[in-house]
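Participant: Here you go, this is input03.cif (mmCIF, C-alpha atoms).
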```cif
data_protein
loop_
_atom_site.label_atom_id
_atom_site.label_comp_id
_atom_site.auth_asym_id
_atom_site.auth_seq_id
_atom_site.Cartn_x
_atom_site.Cartn_y
_atom_site.Cartn_z
CA MET Z 1 -46.42 49.13 -36.38
CA CYS Z 2 -47.40 45.67 -36.76
CA ASN Z 3 -45.30 42.68 -35.99
CA ARG Z 4 -45.48 40.21 -38.72
CA PRO Z 5 -45.13 36.57 -37.78
CA ARG Z 6 -41.90 35.05 -38.98
CA THR Z 7 -42.06 32.29 -41.42
CA LEU Z 8 -40.64 28.86 -40.72
CA ALA Z 9 -38.67 28.80 -43.95
CA GLY Z 10 -35.30 29.36 -42.14
CA ALA Z 11 -35.98 26.64 -39.56
CA ARG Z 12 -36.65 24.09 -42.29
CA LYS Z 13 -33.17 24.58 -43.76
CA GLU Z 14 -31.18 23.74 -40.55
CA ARG Z 15 -31.85 19.99 -40.70
CA GLY Z 16 -30.54 19.20 -37.12
CA ILE Z 17 -26.87 20.15 -37.53
CA VAL Z 18 -26.68 21.35 -33.89
CA LEU Z 19 -27.87 17.95 -32.67
CA PHE Z 20 -25.24 16.19 -34.79
CA VAL Z 21 -22.38 18.39 -33.49
CA ALA Z 22 -23.56 17.97 -29.89
CA LEU Z 23 -23.57 14.15 -30.28
CA ILE Z 24 -20.01 14.19 -31.70
CA PHE Z 25 -18.81 16.28 -28.73
CA LEU Z 26 -20.59 13.89 -26.33
CA LEU Z 27 -18.89 10.91 -27.98
CA ILE Z 28 -15.45 12.54 -27.69
CA LEU Z 29 -15.97 13.45 -24.04
CA SER Z 30 -17.18 9.91 -23.27
CA LEU Z 31 -14.07 8.41 -24.86
CA LEU Z 32 -11.85 10.75 -22.86
CA GLY Z 33 -13.66 9.79 -19.63
CA VAL Z 34 -13.33 6.05 -20.30
CA THR Z 35 -9.62 6.45 -21.12
CA ALA Z 36 -8.99 8.41 -17.92
CA ALA Z 37 -10.82 5.75 -15.85
CA ARG Z 38 -8.74 2.95 -17.41
CA MET Z 39 -5.50 4.84 -16.76
CA GLN Z 40 -6.51 5.30 -13.11
CA THR Z 41 -7.19 1.58 -12.75
CA SER Z 42 -3.80 0.72 -14.28
CA GLU Z 43 -2.01 3.15 -11.98
CA GLU Z 44 -3.75 1.68 -8.94
CA ARG Z 45 -2.73 -1.82 -10.01
CA MET Z 46 0.91 -0.72 -10.50
CA ALA Z 47 0.97 0.93 -7.08
CA ARG Z 48 -0.51 -2.17 -5.43
CA ASN Z 49 2.06 -4.42 -7.16
CA ASP Z 50 4.93 -2.17 -6.10
CA ASP Z 51 3.67 -2.10 -2.51
CA ASN Z 52 3.34 -5.90 -2.55
CA ARG Z 53 6.91 -6.26 -3.88
CA GLN Z 54 8.27 -3.92 -1.21
CA LEU Z 55 6.51 -5.87 1.56
CA GLY Z 56 8.12 -9.09 0.30
CA ALA Z 57 11.55 -7.44 0.11
CA GLN Z 58 11.21 -6.04 3.64
CA ALA Z 59 10.16 -9.44 4.97
CA ALA Z 60 13.12 -11.15 3.25
CA GLU Z 61 15.48 -8.49 4.61
CA ALA Z 62 14.15 -8.99 8.15
CA ALA Z 63 14.66 -12.76 7.91
CA LEU Z 64 18.14 -12.29 6.45
CA ARG Z 65 19.22 -9.97 9.27
CA ASN Z 66 17.71 -12.28 11.89
CA ALA Z 67 19.59 -15.30 10.46
CA GLU Z 68 22.85 -13.33 10.39
CA SER Z 69 22.33 -12.31 14.01
CA GLY Z 70 21.56 -15.93 14.96
CA LEU Z 71 24.76 -17.12 13.28
CA LEU Z 72 26.92 -14.55 15.04
CA SER Z 73 25.34 -15.34 18.42
CA GLY Z 74 25.73 -19.13 18.00
CA LEU Z 75 22.02 -19.91 17.72
CA PHE Z 76 22.41 -22.04 14.57
CA THR Z 77 24.93 -24.86 14.97
CA ASN Z 78 23.67 -28.25 13.68
CA PHE Z 79 24.54 -28.25 9.97
CA ALA Z 80 25.49 -31.95 9.71
CA ALA Z 81 21.89 -33.20 9.43
CA ASN Z 82 21.19 -31.16 6.26
CA THR Z 83 17.60 -30.50 7.35
CA ASN Z 84 15.54 -27.79 8.97
CA GLY Z 85 17.14 -25.05 6.89
CA LEU Z 86 20.72 -25.73 8.03
CA TYR Z 87 22.90 -27.31 5.34
CA ASP Z 88 26.49 -28.55 5.13
CA PRO Z 89 27.92 -28.63 1.60
CA THR Z 90 27.77 -31.93 -0.23
CA TRP Z 91 30.15 -31.76 -3.15
CA ALA Z 92 29.13 -35.17 -4.49
CA ASN Z 93 26.57 -33.61 -6.82
CA GLY Z 94 29.04 -30.92 -7.91
CA SER Z 95 27.40 -28.11 -5.97
CA PRO Z 96 27.06 -27.15 -2.32
CA VAL Z 97 23.61 -25.72 -2.98
CA PRO Z 98 20.75 -28.03 -2.04
CA THR Z 99 17.61 -28.10 -4.12
CA LEU Z 100 15.39 -25.81 -2.07
CA ASN Z 101 11.72 -26.50 -1.60
CA TRP Z 102 10.47 -23.28 -0.02
CA SER Z 103 7.06 -24.78 0.77
CA SER Z 104 8.47 -27.71 2.80
CA ALA Z 105 8.54 -26.92 6.51
CA SER Z 106 11.35 -29.42 7.11
CA ALA Z 107 13.61 -27.84 4.45
CA VAL Z 108 13.56 -24.22 5.61
CA LEU Z 109 13.45 -22.09 8.73
CA THR Z 110 10.50 -19.73 9.14
CA TYR Z 111 11.04 -16.33 10.68
CA ALA Z 112 8.05 -14.95 12.52
CA GLY Z 113 9.68 -12.04 14.39
CA PRO Z 114 9.86 -10.09 16.64
CA GLY Z 115 13.62 -10.77 17.01
CA LEU Z 116 16.18 -8.32 15.74
CA THR Z 117 13.84 -6.71 13.22
CA ALA Z 118 10.11 -7.12 12.91
CA ILE Z 119 8.49 -8.10 9.64
CA PRO Z 120 5.79 -5.93 8.08
CA ALA Z 121 2.36 -6.84 9.42
CA ALA Z 122 0.74 -7.42 6.01
CA SER Z 123 3.37 -9.82 4.66
CA GLN Z 124 3.55 -13.58 5.03
CA SER Z 125 6.22 -15.11 7.25
CA PRO Z 126 9.53 -15.19 5.36
CA LYS Z 127 11.66 -18.31 5.16
CA PHE Z 128 15.42 -18.75 5.12
CA VAL Z 129 18.14 -21.37 4.82
CA ILE Z 130 21.73 -21.25 6.00
CA GLU Z 131 24.52 -23.12 4.23
CA SER Z 132 27.84 -23.78 5.91
CA LEU Z 133 30.39 -23.21 3.15
CA PRO Z 134 33.98 -24.48 3.14
CA SER Z 135 36.39 -22.57 5.39
CA ILE Z 136 38.58 -19.89 3.87
CA ALA Z 137 41.80 -18.13 4.72
CA ALA Z 138 41.36 -14.64 6.08
CA ALA Z 139 42.85 -11.62 4.34
CA GLY Z 140 46.55 -11.28 5.18
CA ASP Z 141 47.02 -14.92 6.24
CA ASP Z 142 50.19 -16.65 5.06
CA ILE Z 143 49.05 -19.64 3.03
CA SER Z 144 52.45 -20.74 1.78
CA VAL Z 145 53.63 -24.24 2.57
CA THR Z 146 57.02 -23.01 3.76
CA SER Z 147 55.59 -20.81 6.47
CA MET Z 148 57.19 -21.64 9.85
CA SER Z 149 54.57 -19.89 11.92
CA ALA Z 150 51.57 -21.67 13.32
CA PRO Z 151 48.68 -21.59 10.89
CA THR Z 152 45.78 -19.36 11.75
CA PRO Z 153 42.48 -21.14 12.17
CA PRO Z 154 40.33 -21.07 9.06
CA VAL Z 155 37.40 -18.69 8.90
CA THR Z 156 33.98 -20.31 8.77
CA VAL Z 157 31.74 -18.90 6.07
CA TYR Z 158 27.96 -19.16 5.78
CA ARG Z 159 25.59 -18.27 2.97
CA VAL Z 160 22.16 -17.14 4.09
CA THR Z 161 19.29 -17.20 1.57
CA ALA Z 162 16.00 -15.61 2.58
CA GLN Z 163 12.71 -15.54 0.69
CA GLY Z 164 9.96 -13.04 1.45
CA VAL Z 165 6.48 -13.17 -0.04
CA GLY Z 166 4.29 -10.11 -0.45
CA ALA Z 167 0.90 -9.62 1.16
CA ASP Z 168 -1.21 -11.31 -1.52
CA GLY Z 169 1.32 -14.03 -2.45
CA THR Z 170 1.94 -12.84 -6.01
CA SER Z 171 5.36 -11.32 -5.36
CA THR Z 172 8.45 -13.18 -4.12
CA THR Z 173 11.81 -11.66 -3.22
CA THR Z 174 14.92 -13.75 -2.61
CA LEU Z 175 17.99 -12.22 -0.95
CA GLN Z 176 21.39 -13.73 -0.12
CA SER Z 177 24.29 -12.69 2.06
CA ILE Z 178 27.64 -14.16 3.03
CA VAL Z 179 28.51 -14.20 6.75
CA ARG Z 180 31.96 -14.91 8.13
#
```
In structure tokens, what does this structure look like?
Facilitator:
Amino acid sequence: MCNRPRTLAGARKERGIVLFVALIFLLILSLLGVTAARMQTSEERMARNDDNRQLGAQAAEAALRNAESGLLSGLFTNFAANTNGLYDPTWANGSPVPTLNWSSASAVLTYAGPGLTAIPAASQSPKFVIESLPSIAAAGDDISVTSMSAPTPPVTVYRVTAQGVGADGTSTTTLQSIVR
């Protein structure tokens, strides 16, 4: 038996269809790879932003707790000067809240730790202000004019506002609490 050489007539009819299909598959796989890489970058950015926000919130919480502890221990007392983060209400402008300039060192107190709670190492030093609000009557006090008993002393109330900034400075968290 003799092997006859095959003719090239069948090869001439294919016209490169395999190459075309392979290029389409390569294009689809490339698009999927680029999409997956972009999604990964977005997820990393979201995780970094959330971490930055949490650092700012933790720093603000640490400053808030430190200020509350300082108020209860008698550390902060000079509210009459309305400077250095300690404010007495001025009702002349219709509001006890001063216009806060968080970047002014003479307008706010800066908490650097390690007092009651330490701030996260990666965050910037948080700042806080304390406002001495008007005194109030405590729950259960008799506030009627006809009361014959000696009046109870009014309760002093403070509002503490703390601002924490995240590690890269793009996230700011402001917290407030009322201390009596």
Participant: Considering only C-alpha atoms, state which residue in the set Z:Tyr111, Z:Glu44, Z:Gly16, Z:Gly169 is at the smallest distance from Z:Arg65.
Facilitator: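 Using only C-alpha atoms, Z:Arg65 sits closest to Z:Tyr111.
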Participant: Which distance in Å separates atom CA of Z:Ala63 and atom CA of Z:Thr170, to one decimal?
Facilitator: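 Interatomic distance, atom CA of Z:Ala63 to atom CA of Z:Thr170: 18.9 Å.
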Participant: Please compute the atom CA of Z:Thr35-atom CA of Z:Phe20 distance, one decimal, in Å.
Facilitator: 22.9 Å
Participant: Any idea what's packed within 9 Å of Z:Pro134, counting only C-alpha atoms, ignoring anything in its chain fewer than 6 positions away? Could you give it as a PyMOL selection string?
Facilitator: chain Z and resi 88-89+155-158
Participant: For Z:Ala107, please output as a PyMOL selection string all residues within 8 Å (counting only C-alpha atoms; exclusion window: fewer than 6 positions along the same chain).
Facilitator: chain Z and resi 83-85+100-101+129
Participant: List as a ChimeraX atom specification the protein and nucleic acid residues near Z:Ile130, meaning an atom at most 7 Å away when only C-alpha atoms are counted, but skip any in the same chain fewer than 3 places from it.
Facilitator: /Z:85-87,158-161
Participant: Using all atoms listed in the file, which of the listed residues (Z:Lys127, Z:Arg48, Z:Arg180, Z:Arg38) sits closest to Z:Ala62?
Facilitator: Z:Lys127
Participant: Determine, counting only C-alpha atoms, every residue of protein, DNA or RNA that lies within 10 Å of (3.5, -16.6, 1.8) in the file coordinates, then give the result as a VMD selection string.
Facilitator: chain Z and resid 56 102 to 103 123 to 127 163 to 172
